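A short write-up of the structure that comes next.
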Amino acid sequence: MAETEPGLVAKATQLVFDVANGRNRTLSWLVPPSLFLLDALLCAVVIWKVPYTEIDWKAYMEQVEQYVAGERDYTVIKGGTGPLVYPAAHVYLYTALYHITDKGKDIFLAQQLFAVLYMATLAVVMACYWRAKVPPYVFPMLILSKRLHSIFVLRCFNDCFAVFFLWLTIYLFQKRAWTLGTFAYTFGLGIKMSLLLVLPAVGVILLLGRGFTGSLQLAAIIAQVQFTLALPFLQVNAKGYLSRAFELSRQFFFKWTVNWRFVGEDTFLSRPFALGLLTMHASVLFWYIANRWLKPTGKSWSTIAASILSLRSPFSPQEETRLAMQITPEYVMTTMLSANIIGLLFARSLHYQFYSYLAWATPFLLWRSGAHPLLQYGLWALQEWAWNVFPSTNVSSGVVVGAMATTVILLAAGRDQAPTSSNDVSRKRKVV
């Protein structure tokens with residue numbers, strides 16, 4: 001009996017490790033749906049037990065009310081927190097919510113709708129992780145964020161919709177549904193300009209996945225959709241719309257920053273600091289493009305850039321076919337999410353709602369870097385703690401920046417893009 005007991009313990013331990021690492025095909029697949037159902041219950045408890053906190057919802061409704069009344073000049077539309085500074089799709093989405101929630105008065109219904117949005121986004125996120133062959137032990141980090149639940153069901157920020165379309169874009173690109181993915185991306189961009197951070201990754205993925213001509217056609221779709229969404233406002237005051245919806249020179253308030261508080265207010269507000277961040281963003285992004293994203297091409301970035309500037313395809317038809325087969329689900333996620341975190345790392349100011357772009361990305365990037373699971377969970381926990389400190393402090397803001405910087409460095413130093421498996425090569429290539 002004494003000899004049997006250690007054997008049972010060893011077998012049980014091995015079973016747990018096999019399930020956690022995805023080696024047990026019978027049980028491993030049950031982890032994501034089980035966690036999904038648990039999170040649905042958690043969302044219900046949060047709405048039931050935690051009081052709603054008003055931040056931007058009332059302002060959204062005040063702005064929409066003016067739109068419903070017939071106002072189309074973006075420079076005139078204002079709310080309690082200031083002028084309307086989001087693109088047209090935001091207005092259309094919140095106009096729908098305005099009517100559904102009795103002009104924004106039924107907050108409880110709004111919270112339920114955002115809980116549905118949260119669960120829908122989580123489902124897409126989990127599908128993306130599964131297609132990228134991420135092991136089940138990573139999945140618990142997707143449902144344990146206190147701040148993320150708050151952003152969705154207690155604050156009702158428009159970032160929630162933008163994040164949904166970001167992940168829907170990733171999923172559709174993983175499925176090689178290039179046109180549908182492009183529509184999802186441009187609609188998300190039409191909600192909030194934060195999705196500009198992943199535009200370089202979208203460009204590279206479409207270039208390699210659809211070829212030069214196909215990627216130009218899809219780029220035209222992005223522009224056309226943005227124009228169509230904005231047309232009612234462009235007809236009244238085009239300059240006003242563009243300056244508000246895609247304002248790149250916005251002055252940020254030091255008191256609300258989550259990331260750079262530790263540098264001090266004078267440095268934070270200085271022009272050299274802003275230019276330094278912009279330079280670092282461009283430099284790190286360029287390194288990733290040249291040394292990671294374009295590596296499957298076997299060509300230098302300068303050769304590819306010269307061809308594109310000459311309006312010629314950098315690849316032969318045979319090369320385009322080969323490259324398209326190398327755009328795996330893992331490549332899509334790595335490229336999109338690395339562009340996202342690089343942009344967030346060097347953003348001049350992040351507010352708490354920006355964690356929605358980061359919370360579901362960090363677990364994948366840490367796993368993708370090859371870091372030990374203990375380091376993955378440790379860094380994730382530090383990041384989660386820092387984003388839950390309110391108001392931010394020198395220490396918490398330092399951890400916010402440090403966690404993102406560590407993730408970017410680990411990813412850059414980690415294993416190269418995984419080679420395409422024979423199963424991936426044999427999949428039918430979608431070109432729609």
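Numbering starts fresh at 1 for the residues of each chain in the structure tokens, the chains themselves are lettered A, B, ... in the order given, and ligands are numbered from 1 as they appear.
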
Requested in this report: Considering only C-alpha atoms, return as a list in words whatever protein or nucleic-acid residues lie within 9 Å of region 310-324 of chain A, sequence-local ones (same chain, fewer than 2 positions apart) excluded.
Outcome: Leu207, Leu208, Gly209, Arg210, Gly211, Phe212, Thr213, Pro296, Thr297, Lys299, Thr303, Ile304, Ala305, Ala306, Ser307, Ile308, Gln326, Ile327, Thr328, Val425 and Arg429 of chain A

Taking N, CA, C and O atoms for each residue, export the selection above as a PDB file, in the first residue's frame.
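Saved the output as out06.pdb:
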ATOM      1  N   LEU A 207       0.333  42.296 -46.734  1.00  0.00           N
ATOM      2  CA  LEU A 207       1.327  42.212 -47.809  1.00  0.00           C
ATOM      3  C   LEU A 207       1.784  40.774 -48.010  1.00  0.00           C
ATOM      4  O   LEU A 207       1.851  40.277 -49.150  1.00  0.00           O
ATOM      5  N   LEU A 208       2.071  40.083 -46.911  1.00  0.00           N
ATOM      6  CA  LEU A 208       2.559  38.708 -47.008  1.00  0.00           C
ATOM      7  C   LEU A 208       1.422  37.720 -47.262  1.00  0.00           C
ATOM      8  O   LEU A 208       1.614  36.703 -47.928  1.00  0.00           O
ATOM      9  N   GLY A 209       0.245  38.010 -46.728  1.00  0.00           N
ATOM     10  CA  GLY A 209      -0.866  37.075 -46.857  1.00  0.00           C
ATOM     11  C   GLY A 209      -1.629  37.193 -48.157  1.00  0.00           C
ATOM     12  O   GLY A 209      -2.145  36.199 -48.685  1.00  0.00           O
ATOM     13  N   ARG A 210      -1.723  38.410 -48.700  1.00  0.00           N
ATOM     14  CA  ARG A 210      -2.523  38.626 -49.915  1.00  0.00           C
ATOM     15  C   ARG A 210      -1.699  39.082 -51.104  1.00  0.00           C
ATOM     16  O   ARG A 210      -2.213  39.228 -52.215  1.00  0.00           O
ATOM     17  N   GLY A 211      -0.409  39.339 -50.882  1.00  0.00           N
ATOM     18  CA  GLY A 211       0.413  39.805 -51.982  1.00  0.00           C
ATOM     19  C   GLY A 211       0.310  41.309 -52.160  1.00  0.00           C
ATOM     20  O   GLY A 211      -0.508  41.983 -51.525  1.00  0.00           O
ATOM     21  N   PHE A 212       1.147  41.854 -53.015  1.00  0.00           N
ATOM     22  CA  PHE A 212       1.235  43.305 -53.185  1.00  0.00           C
ATOM     23  C   PHE A 212      -0.069  43.906 -53.696  1.00  0.00           C
ATOM     24  O   PHE A 212      -0.631  44.818 -53.104  1.00  0.00           O
ATOM     25  N   THR A 213      -0.583  43.384 -54.786  1.00  0.00           N
ATOM     26  CA  THR A 213      -1.807  43.942 -55.376  1.00  0.00           C
ATOM     27  C   THR A 213      -3.001  43.770 -54.448  1.00  0.00           C
ATOM     28  O   THR A 213      -3.792  44.700 -54.237  1.00  0.00           O
ATOM     29  N   PRO A 296      10.214  35.949 -42.561  1.00  0.00           N
ATOM     30  CA  PRO A 296       9.792  34.861 -43.457  1.00  0.00           C
ATOM     31  C   PRO A 296      10.064  35.129 -44.933  1.00  0.00           C
ATOM     32  O   PRO A 296      10.127  34.198 -45.734  1.00  0.00           O
ATOM     33  N   THR A 297      10.236  36.414 -45.317  1.00  0.00           N
ATOM     34  CA  THR A 297      10.444  36.738 -46.737  1.00  0.00           C
ATOM     35  C   THR A 297      11.840  36.355 -47.214  1.00  0.00           C
ATOM     36  O   THR A 297      12.043  36.135 -48.420  1.00  0.00           O
ATOM     37  N   LYS A 299      14.181  38.388 -47.387  1.00  0.00           N
ATOM     38  CA  LYS A 299      14.712  39.577 -48.054  1.00  0.00           C
ATOM     39  C   LYS A 299      14.900  40.698 -47.041  1.00  0.00           C
ATOM     40  O   LYS A 299      14.241  40.734 -46.003  1.00  0.00           O
ATOM     41  N   THR A 303      15.196  46.195 -49.515  1.00  0.00           N
ATOM     42  CA  THR A 303      14.802  45.667 -50.823  1.00  0.00           C
ATOM     43  C   THR A 303      13.283  45.700 -50.985  1.00  0.00           C
ATOM     44  O   THR A 303      12.756  46.096 -52.030  1.00  0.00           O
ATOM     45  N   ILE A 304      12.596  45.272 -49.927  1.00  0.00           N
ATOM     46  CA  ILE A 304      11.130  45.266 -49.962  1.00  0.00           C
ATOM     47  C   ILE A 304      10.587  46.680 -50.068  1.00  0.00           C
ATOM     48  O   ILE A 304       9.685  46.967 -50.869  1.00  0.00           O
ATOM     49  N   ALA A 305      11.152  47.600 -49.272  1.00  0.00           N
ATOM     50  CA  ALA A 305      10.683  48.988 -49.283  1.00  0.00           C
ATOM     51  C   ALA A 305      10.921  49.646 -50.638  1.00  0.00           C
ATOM     52  O   ALA A 305      10.060  50.388 -51.139  1.00  0.00           O
ATOM     53  N   ALA A 306      12.072  49.367 -51.251  1.00  0.00           N
ATOM     54  CA  ALA A 306      12.376  49.973 -52.553  1.00  0.00           C
ATOM     55  C   ALA A 306      11.374  49.526 -53.612  1.00  0.00           C
ATOM     56  O   ALA A 306      10.920  50.333 -54.433  1.00  0.00           O
ATOM     57  N   SER A 307      11.010  48.252 -53.569  1.00  0.00           N
ATOM     58  CA  SER A 307      10.035  47.749 -54.538  1.00  0.00           C
ATOM     59  C   SER A 307       8.666  48.385 -54.332  1.00  0.00           C
ATOM     60  O   SER A 307       7.996  48.786 -55.287  1.00  0.00           O
ATOM     61  N   ILE A 308       8.246  48.489 -53.073  1.00  0.00           N
ATOM     62  CA  ILE A 308       6.935  49.067 -52.771  1.00  0.00           C
ATOM     63  C   ILE A 308       6.881  50.533 -53.191  1.00  0.00           C
ATOM     64  O   ILE A 308       5.887  50.996 -53.770  1.00  0.00           O
ATOM     65  N   GLN A 326       2.946  30.853 -44.969  1.00  0.00           N
ATOM     66  CA  GLN A 326       3.694  31.020 -43.719  1.00  0.00           C
ATOM     67  C   GLN A 326       3.016  31.978 -42.750  1.00  0.00           C
ATOM     68  O   GLN A 326       3.507  32.188 -41.635  1.00  0.00           O
ATOM     69  N   ILE A 327       1.910  32.561 -43.176  1.00  0.00           N
ATOM     70  CA  ILE A 327       1.173  33.460 -42.281  1.00  0.00           C
ATOM     71  C   ILE A 327       0.260  32.594 -41.421  1.00  0.00           C
ATOM     72  O   ILE A 327      -0.942  32.452 -41.673  1.00  0.00           O
ATOM     73  N   THR A 328       0.840  31.992 -40.408  1.00  0.00           N
ATOM     74  CA  THR A 328       0.137  31.073 -39.519  1.00  0.00           C
ATOM     75  C   THR A 328      -0.643  31.846 -38.458  1.00  0.00           C
ATOM     76  O   THR A 328      -0.403  33.040 -38.245  1.00  0.00           O
ATOM     77  N   VAL A 425       0.466  24.217 -44.055  1.00  0.00           N
ATOM     78  CA  VAL A 425       0.712  24.395 -45.474  1.00  0.00           C
ATOM     79  C   VAL A 425      -0.416  23.817 -46.307  1.00  0.00           C
ATOM     80  O   VAL A 425      -0.794  24.339 -47.353  1.00  0.00           O
ATOM     81  N   ARG A 429      -6.055  27.994 -48.926  1.00  0.00           N
ATOM     82  CA  ARG A 429      -5.792  29.418 -48.800  1.00  0.00           C
ATOM     83  C   ARG A 429      -7.033  30.227 -49.150  1.00  0.00           C
ATOM     84  O   ARG A 429      -7.564  30.119 -50.256  1.00  0.00           O
TER      85      ARG A 429
END

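The residue set within 9 Å of Leu168 (chain A), counting only C-alpha atoms and dropping same-chain residues fewer than 6 places from it, reads Thr121, Val124, Val125, Cys128, Gly181, Ala184 and Tyr185 of chain A.
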
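A straight line drawn from CA of Met325 (chain A) to CA of Ala132 (chain A) is 14.8 Å long.
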
Within 10 Å of Trp29 (chain A) using only C-alpha atoms, minus same-chain residues under 5 positions, as a PDB file with all heavy atoms, in the first residue's frame:
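Output contents, as saved in selection18.pdb:
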ATOM      1  N   VAL A  19      -2.583  17.979 -18.860  1.00  0.00           N
ATOM      2  CA  VAL A  19      -3.749  18.809 -19.182  1.00  0.00           C
ATOM      3  C   VAL A  19      -3.330  20.270 -19.346  1.00  0.00           C
ATOM      4  O   VAL A  19      -3.728  20.952 -20.302  1.00  0.00           O
ATOM      5  CB  VAL A  19      -4.827  18.680 -18.084  1.00  0.00           C
ATOM      6  CG1 VAL A  19      -5.943  19.705 -18.320  1.00  0.00           C
ATOM      7  CG2 VAL A  19      -5.399  17.273 -18.057  1.00  0.00           C
ATOM      8  N   ALA A  20      -2.505  20.772 -18.429  1.00  0.00           N
ATOM      9  CA  ALA A  20      -2.069  22.176 -18.456  1.00  0.00           C
ATOM     10  C   ALA A  20      -1.266  22.502 -19.703  1.00  0.00           C
ATOM     11  O   ALA A  20      -1.340  23.619 -20.240  1.00  0.00           O
ATOM     12  CB  ALA A  20      -1.253  22.503 -17.213  1.00  0.00           C
ATOM     13  N   GLY A  22      -1.548  20.872 -22.599  1.00  0.00           N
ATOM     14  CA  GLY A  22      -2.267  20.519 -23.810  1.00  0.00           C
ATOM     15  C   GLY A  22      -1.932  19.150 -24.370  1.00  0.00           C
ATOM     16  O   GLY A  22      -2.291  18.841 -25.514  1.00  0.00           O
ATOM     17  N   ARG A  23      -1.267  18.324 -23.584  1.00  0.00           N
ATOM     18  CA  ARG A  23      -0.887  17.001 -24.082  1.00  0.00           C
ATOM     19  C   ARG A  23      -1.985  15.958 -23.911  1.00  0.00           C
ATOM     20  O   ARG A  23      -1.954  14.904 -24.532  1.00  0.00           O
ATOM     21  CB  ARG A  23       0.396  16.529 -23.376  1.00  0.00           C
ATOM     22  CG  ARG A  23       1.632  17.345 -23.737  1.00  0.00           C
ATOM     23  CD  ARG A  23       2.889  16.690 -23.199  1.00  0.00           C
ATOM     24  NE  ARG A  23       2.949  16.704 -21.761  1.00  0.00           N
ATOM     25  CZ  ARG A  23       3.619  17.603 -21.040  1.00  0.00           C
ATOM     26  NH1 ARG A  23       4.280  18.577 -21.651  1.00  0.00           N
ATOM     27  NH2 ARG A  23       3.645  17.537 -19.728  1.00  0.00           N
ATOM     28  N   ASN A  24      -2.964  16.253 -23.049  1.00  0.00           N
ATOM     29  CA  ASN A  24      -4.074  15.323 -22.836  1.00  0.00           C
ATOM     30  C   ASN A  24      -5.247  15.785 -23.700  1.00  0.00           C
ATOM     31  O   ASN A  24      -6.000  16.689 -23.334  1.00  0.00           O
ATOM     32  CB  ASN A  24      -4.469  15.292 -21.360  1.00  0.00           C
ATOM     33  CG  ASN A  24      -5.486  14.218 -21.050  1.00  0.00           C
ATOM     34  OD1 ASN A  24      -6.513  14.106 -21.714  1.00  0.00           O
ATOM     35  ND2 ASN A  24      -5.221  13.419 -20.024  1.00  0.00           N
ATOM     36  N   SER A  34     -14.547  25.781 -19.738  1.00  0.00           N
ATOM     37  CA  SER A  34     -14.800  25.803 -18.288  1.00  0.00           C
ATOM     38  C   SER A  34     -14.488  27.175 -17.714  1.00  0.00           C
ATOM     39  O   SER A  34     -15.257  27.727 -16.905  1.00  0.00           O
ATOM     40  CB  SER A  34     -13.964  24.732 -17.588  1.00  0.00           C
ATOM     41  OG  SER A  34     -14.302  23.438 -18.055  1.00  0.00           O
ATOM     42  N   TRP A 130      -6.418  29.458 -29.031  1.00  0.00           N
ATOM     43  CA  TRP A 130      -6.496  28.028 -29.368  1.00  0.00           C
ATOM     44  C   TRP A 130      -5.940  27.773 -30.759  1.00  0.00           C
ATOM     45  O   TRP A 130      -5.215  26.800 -30.977  1.00  0.00           O
ATOM     46  CB  TRP A 130      -7.932  27.542 -29.259  1.00  0.00           C
ATOM     47  CG  TRP A 130      -8.039  26.043 -29.148  1.00  0.00           C
ATOM     48  CD1 TRP A 130      -8.455  25.173 -30.109  1.00  0.00           C
ATOM     49  CD2 TRP A 130      -7.709  25.243 -28.001  1.00  0.00           C
ATOM     50  NE1 TRP A 130      -8.409  23.880 -29.650  1.00  0.00           N
ATOM     51  CE2 TRP A 130      -7.951  23.899 -28.351  1.00  0.00           C
ATOM     52  CE3 TRP A 130      -7.228  25.542 -26.721  1.00  0.00           C
ATOM     53  CZ2 TRP A 130      -7.738  22.843 -27.470  1.00  0.00           C
ATOM     54  CZ3 TRP A 130      -7.012  24.493 -25.840  1.00  0.00           C
ATOM     55  CH2 TRP A 130      -7.267  23.164 -26.209  1.00  0.00           C
ATOM     56  N   PRO A 135      -0.923  26.679 -24.893  1.00  0.00           N
ATOM     57  CA  PRO A 135      -1.320  25.628 -23.943  1.00  0.00           C
ATOM     58  C   PRO A 135      -2.341  26.119 -22.918  1.00  0.00           C
ATOM     59  O   PRO A 135      -2.388  27.317 -22.597  1.00  0.00           O
ATOM     60  CB  PRO A 135      -0.002  25.237 -23.271  1.00  0.00           C
ATOM     61  CG  PRO A 135       0.890  26.413 -23.457  1.00  0.00           C
ATOM     62  CD  PRO A 135       0.505  27.021 -24.777  1.00  0.00           C
ATOM     63  N   PRO A 136      -3.156  25.213 -22.378  1.00  0.00           N
ATOM     64  CA  PRO A 136      -4.228  25.601 -21.448  1.00  0.00           C
ATOM     65  C   PRO A 136      -3.756  26.321 -20.191  1.00  0.00           C
ATOM     66  O   PRO A 136      -4.527  27.093 -19.610  1.00  0.00           O
ATOM     67  CB  PRO A 136      -4.873  24.260 -21.093  1.00  0.00           C
ATOM     68  CG  PRO A 136      -4.627  23.395 -22.289  1.00  0.00           C
ATOM     69  CD  PRO A 136      -3.262  23.787 -22.775  1.00  0.00           C
TER      70      PRO A 136
END

Residues of region 277-368 of chain A at most 12 Å from region 403-411 of chain A: nearest atom pair and distance in Å, only C-alpha atoms, as a Markdown table:
| residue | atom | partner | partner_atom | distance |
| --- | --- | --- | --- | --- |
| A:Met280 | CA | A:Ala405 | CA | 11.8 |
| A:His281 | CA | A:Ala405 | CA | 11.7 |
| A:Val284 | CA | A:Val408 | CA | 9.2 |
| A:Leu285 | CA | A:Val408 | CA | 10.5 |
| A:Trp287 | CA | A:Val408 | CA | 11.5 |
| A:Tyr288 | CA | A:Val408 | CA | 9.9 |
| A:Asn291 | CA | A:Leu411 | CA | 11.9 |
| A:Arg292 | CA | A:Leu411 | CA | 10.0 |
| A:Thr334 | CA | A:Leu411 | CA | 9.1 |
| A:Thr335 | CA | A:Leu411 | CA | 10.9 |
| A:Leu337 | CA | A:Val408 | CA | 10.3 |
| A:Ser338 | CA | A:Val408 | CA | 7.3 |
| A:Ala339 | CA | A:Val408 | CA | 9.8 |
| A:Asn340 | CA | A:Val408 | CA | 10.4 |
| A:Ile341 | CA | A:Met404 | CA | 6.9 |
| A:Ile342 | CA | A:Val408 | CA | 7.0 |
| A:Gly343 | CA | A:Met404 | CA | 10.2 |
| A:Leu344 | CA | A:Met404 | CA | 8.1 |
| A:Leu345 | CA | A:Met404 | CA | 5.9 |
| A:Phe346 | CA | A:Ala405 | CA | 9.3 |
| A:Ala347 | CA | A:Met404 | CA | 11.4 |
| A:Tyr355 | CA | A:Met404 | CA | 11.4 |
| A:Leu358 | CA | A:Met404 | CA | 9.0 |
| A:Ala359 | CA | A:Met404 | CA | 11.0 |
| A:Ala361 | CA | A:Thr407 | CA | 10.4 |
| A:Thr362 | CA | A:Thr407 | CA | 7.5 |
| A:Pro363 | CA | A:Thr407 | CA | 9.7 |
| A:Phe364 | CA | A:Thr407 | CA | 10.2 |
| A:Leu365 | CA | A:Leu411 | CA | 6.7 |
| A:Leu366 | CA | A:Thr407 | CA | 6.3 |
| A:Trp367 | CA | A:Leu411 | CA | 9.0 |
| A:Arg368 | CA | A:Leu411 | CA | 6.9 |
